[in-house]
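Undergrad: Starting off with a structure, shown below.
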Amino acid sequence: MRPGLIVASLLGAATLLACREEAQRPTPPPVVPPTNAPADVSHGEAPIGSAAEPAAIDPAAPARATGRLHRLRITIRHARITIANGVSYNAWTFDGRVPGPVLRVTEGDTVEFTLVNQAPMPHSLDFHAAEIAPSRAYVNLMPHDSLRYRFVARVPGAFMYHCGTAPVALHIANGMYGAIIVDPRQGRTPAKEFVFVQSEFYTQVLPDSTRSIDWQKLLGLAPDYVVFNGREAEYAHHPINVRVGEPLRLYVVNAGPNRFSAFHVVGAIFDRVYLDGSLAHPLEGVQTVTVPVGGGAIFEARLVEAGTYPFVSHAFADATKGAVGMFQAR
Ligand SMILES: [Cu+2]
């Protein structure tokens with residue numbers, strides 16, 4: 001069967017299933033907002049766990065790259081991942097994880113990139129950090145096929161990469177995205193660095209209790225979860241330790257596929273925010289900055305005294321759905 005037909009049939013079957021379920025579903029009871037505070041800190045949209053327990057995905061940025069040529073390789077495979085405590089999701093992944101691995105190179109470096117498709121359907125990969133003809137590099141890769149090309153990372157910044165196979169919203173919502181950091185050649189000032197990729201999950205429960213995509217929820221822009229680094233409130237359950245007064249640098253990429261991020265750290269004002277690849281004119285002294293879907297920004301701040309500092313998307317329905325974490329400053 002042709003790849004387009006496979007995707008069309010999958011979508012058709014999912015839509016038919018959704019229509020049947022709709023017809024059988026009783027009228028749901030009215031939803032009322034919870035009144036119990038889930039945490040003992042203002043803005044704590046989720047219970048706060050222990051900073052001693054490591055998070056599932058380490059938010060620390062990888063070290064700066066050395067050398068001028070980087071041979072990077074990513075394998076596409078379908079895998080079951082955890083998106084919240086006790087919630088398994090049938091994802092489409094880069095390297096078996098969501099988000100995919102954080103890549104890091106330096107301005108002017110050459111990336112020799114190899115993509116391998118071990119999934120049973122076509123996929124692709126689109127680097128926002130590359131300037132290249134999509135018709136050559138971002139082509140659909142058939143199962144068991146591979147692709148290799150080179151590009152020069154000309155512009156420093158925090159960039160998204162993602163599967164570009166249609167329908168792109170489906171491939172992104174199923175987990176096919178990640179971040180690539182391009183450092184300026186002269187480097188940045190020393191700081192403790194973290195990477196946060198914001199994204200959404202739109203789910204339906206399968207007979208085996210795992211979850212998969214709900215296409216109608218996706219088209220209706222109604223995610224069940226909005227998350228940083230692939231899990232609901234992961235860094236509230238596992239707060240991130242930092243030191244009082246130390247410079248922090250947060251690379252924030254918004255994979256979406258639909259919700260803008262209003263990125264904010266409660267109790268802090270950003271010293272500087274660099275939008276995408278803009279080095280020359282950072283925003284200074286700002287409280288909240290939009291990270292658009294498909295965009296990135298680099299946030300610099302310091303936490304002035306000991307305590308717990310939530311970071312959120314200030315679109316608070318999204319924070320309630322999991323776009324919240326905590327810095328524990330000591
Ligand atoms: Cu894909």
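Each chain in the structure tokens gets a letter, A, B and so on, in the order shown; residues start at 1 in every chain, and ligands are counted from 1 in the order they appear.
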Could you give me the residues within segment 200-285 of chain A that DSSP places in strand (DSSP E), as an MDAnalysis selection string?
TA: chainID A and resid 200:201 203:205 211:213 225:228 240:242 248:256 261:265 270:275 283:285
Undergrad: Enumerate residues in contact with ligand 1: an atom-to-atom distance of at most 10 Å, counting only C-alpha atoms and all ligand atoms. Format the result as a PyMOL selection string.
TA: chain A and resi 76-78+92-94+117+119+121-125+140-141+162-177
Undergrad: Can I get the selected residues back with C-alpha atoms, as a tab-separated table (two decimals), in the first residue's frame?
TA:
```tsv
chain	number	residue	atom	x	y	z
A	76	ILE	CA	12.95	6.61	14.17
A	77	ARG	CA	10.93	3.99	15.98
A	78	HIS	CA	7.47	3.57	17.45
A	92	TRP	CA	6.26	7.80	17.37
A	93	THR	CA	9.78	8.73	18.43
A	94	PHE	CA	13.24	9.87	17.54
A	117	ASN	CA	13.60	4.73	9.79
A	119	ALA	CA	9.17	2.35	12.05
A	121	MET	CA	5.47	3.73	8.11
A	122	PRO	CA	7.05	6.76	6.42
A	123	HIS	CA	8.56	9.55	8.50
A	124	SER	CA	11.03	12.40	8.01
A	125	LEU	CA	13.00	15.04	9.94
A	140	ASN	CA	9.59	10.97	3.47
A	141	LEU	CA	11.73	8.03	4.42
A	162	HIS	CA	10.44	17.56	13.98
A	163	CYS	CA	8.96	15.04	11.62
A	164	GLY	CA	7.53	16.81	8.59
A	165	THR	CA	5.48	13.97	7.15
A	166	ALA	CA	1.83	14.85	6.50
A	167	PRO	CA	-0.33	15.30	8.42
A	168	VAL	CA	2.43	17.05	10.35
A	169	ALA	CA	0.17	17.78	13.35
A	170	LEU	CA	-0.34	14.03	13.79
A	171	HIS	CA	3.37	13.23	13.64
A	172	ILE	CA	4.31	16.02	16.06
A	173	ALA	CA	1.48	15.25	18.48
A	174	ASN	CA	2.62	11.63	18.52
A	175	GLY	CA	6.04	12.68	19.80
A	176	MET	CA	8.30	13.40	16.84
A	177	TYR	CA	10.20	16.54	17.91
```
Undergrad: Would you please work out which residue, of A:Glu107, A:Asp224, A:Asp318, A:Glu45, is nearest to Gly277 of chain A when using only C-alpha atoms?
TA: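 The answer is A:Glu107, which sits nearest to Gly277 of chain A.
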Undergrad: Please determine, counting only C-alpha atoms, which residue among A:Val265, A:Ala233, A:Val293, A:Ala222 has the shortest atom-to-atom distance to Pro47 of chain A.
TA: A:Ala233
Undergrad: Between atom CA of Phe228 of chain A and atom CA of Pro34 of chain A, what is the distance, to one decimal in Å?
TA: 22.6 Å
Undergrad: Using only C-alpha atoms, determine which residues lie at most 10 Å from Gly187 of chain A, disregarding the query and same-chain residues fewer than 3 positions distant; provide the list as a list of chain:residue names.
TA: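 Near Gly187 of chain A, the qualifying residues are A:Arg64, A:Thr106, A:Glu107, A:Pro156, A:Val182, A:Asp183, A:Pro184, A:Pro190.
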Undergrad: Quick one: write out the picked residues with C-alpha atoms as a JSON list (two decimals), in the first residue's frame?
TA:
```json
[["chain", "number", "residue", "atom", "x", "y", "z"],
["A", 64, "ARG", "CA", 29.13, 22.54, 24.31],
["A", 106, "THR", "CA", 28.43, 25.61, 17.30],
["A", 107, "GLU", "CA", 27.74, 28.36, 14.79],
["A", 156, "PRO", "CA", 23.04, 30.49, 16.70],
["A", 182, "VAL", "CA", 23.50, 26.22, 18.10],
["A", 183, "ASP", "CA", 26.03, 28.10, 20.23],
["A", 184, "PRO", "CA", 27.53, 31.37, 19.03],
["A", 190, "PRO", "CA", 29.00, 30.80, 32.04]]
```
Undergrad: Would you return as a list in words the members of segment 72-308 of chain A that DSSP assigns to helix (DSSP H, G or I) on this structure's backbone?
TA: Pro134, Ser135, Arg136, Ala137, Val168, Ala169, Leu170, His171, Ile172, Ala173, Trp215, Gln216, Lys217, Leu218, Leu219, Glu234, Tyr235, Ala236 and His237 of chain A
Undergrad: Restricting the output to C-alpha atoms, write the selected residues as a short mmCIF file (atom, residue, chain, number, x, y, z; two decimals), in the first residue's frame.
TA:
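Produced file selection01.cif, reproduced below:
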```
data_model
loop_
_atom_site.label_atom_id
_atom_site.label_comp_id
_atom_site.auth_asym_id
_atom_site.auth_seq_id
_atom_site.Cartn_x
_atom_site.Cartn_y
_atom_site.Cartn_z
CA PRO A 134 13.27 20.43 1.97
CA SER A 135 12.66 18.61 -1.31
CA ARG A 136 16.14 17.08 -0.91
CA ALA A 137 16.60 16.70 2.85
CA VAL A 168 2.43 17.05 10.35
CA ALA A 169 0.17 17.78 13.35
CA LEU A 170 -0.34 14.03 13.79
CA HIS A 171 3.37 13.23 13.64
CA ILE A 172 4.31 16.02 16.06
CA ALA A 173 1.48 15.25 18.48
CA TRP A 215 -7.45 13.22 16.20
CA GLN A 216 -10.66 15.09 17.02
CA LYS A 217 -9.14 16.51 20.21
CA LEU A 218 -6.10 17.57 18.20
CA LEU A 219 -8.18 19.37 15.59
CA GLU A 234 7.69 16.24 35.68
CA TYR A 235 9.83 18.96 37.25
CA ALA A 236 7.21 19.70 39.88
CA HIS A 237 7.32 16.04 40.91
#
```
Undergrad: Just give me the gap between atom CA of Val98 of chain A and atom CA of Gly178 of chain A in Å, one decimal is fine.
TA: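 One can read the atom CA of Val98 of chain A to atom CA of Gly178 of chain A distance as 7.6 Å.
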Undergrad: May I ask which of the residues A:Lys192, A:His43, A:Arg97, A:Arg211 is the closest one to Asn241 of chain A, counting only C-alpha atoms?
TA: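 Residue with the minimum atom-to-atom distance to Asn241 of chain A: A:Lys192.
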Undergrad: Return the single residue from A:Arg249, A:Arg185, A:His314, A:Arg80 that is closest to Phe263 of chain A, with distances computed using only C-alpha atoms.
TA: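 Of all the options, A:His314 lies closest to Phe263 of chain A.
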Undergrad: Tell me which of A:Thr290, A:Ala262, A:Ala329, A:Ala280 sits closest to Ala315 of chain A, counting only C-alpha atoms.
TA: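 Closest to Ala315 of chain A, using only C-alpha atoms: A:Ala262.
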Undergrad: Would you pick out the contacts of Phe270 of chain A at 7 Å or less, using only C-alpha atoms, so that residues sharing its chain but fewer than 5 positions from it are not included, and give the list as a list in words?
TA: Glu284, Gly285, Val286, Gln287, Phe299, Glu300 and Ala301 of chain A
Undergrad: Next, dump the selected residues to file, keeping only N, CA, C and O atoms, as a tab-separated table (two decimals), in the first residue's frame.
TA:
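File written: out_26.tsv
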```tsv
chain	number	residue	atom	x	y	z
A	284	GLU	N	15.33	42.79	27.50
A	284	GLU	CA	15.91	42.90	28.83
A	284	GLU	C	14.83	43.29	29.84
A	284	GLU	O	13.99	44.13	29.55
A	285	GLY	N	14.88	42.64	31.02
A	285	GLY	CA	13.94	42.99	32.08
A	285	GLY	C	12.51	42.64	31.73
A	285	GLY	O	11.62	43.49	31.82
A	286	VAL	N	12.27	41.40	31.32
A	286	VAL	CA	10.92	41.01	30.90
A	286	VAL	C	10.38	39.88	31.80
A	286	VAL	O	11.13	39.07	32.33
A	287	GLN	N	9.07	39.86	31.94
A	287	GLN	CA	8.43	38.91	32.86
A	287	GLN	C	7.99	37.62	32.18
A	287	GLN	O	8.15	36.53	32.72
A	299	PHE	N	16.38	32.05	27.70
A	299	PHE	CA	16.04	32.90	28.84
A	299	PHE	C	17.19	32.91	29.84
A	299	PHE	O	17.70	31.84	30.20
A	300	GLU	N	17.59	34.09	30.32
A	300	GLU	CA	18.63	34.20	31.34
A	300	GLU	C	18.05	34.89	32.58
A	300	GLU	O	17.41	35.93	32.47
A	301	ALA	N	18.27	34.28	33.74
A	301	ALA	CA	17.72	34.82	34.98
A	301	ALA	C	18.57	34.36	36.16
A	301	ALA	O	19.42	33.47	36.02
```
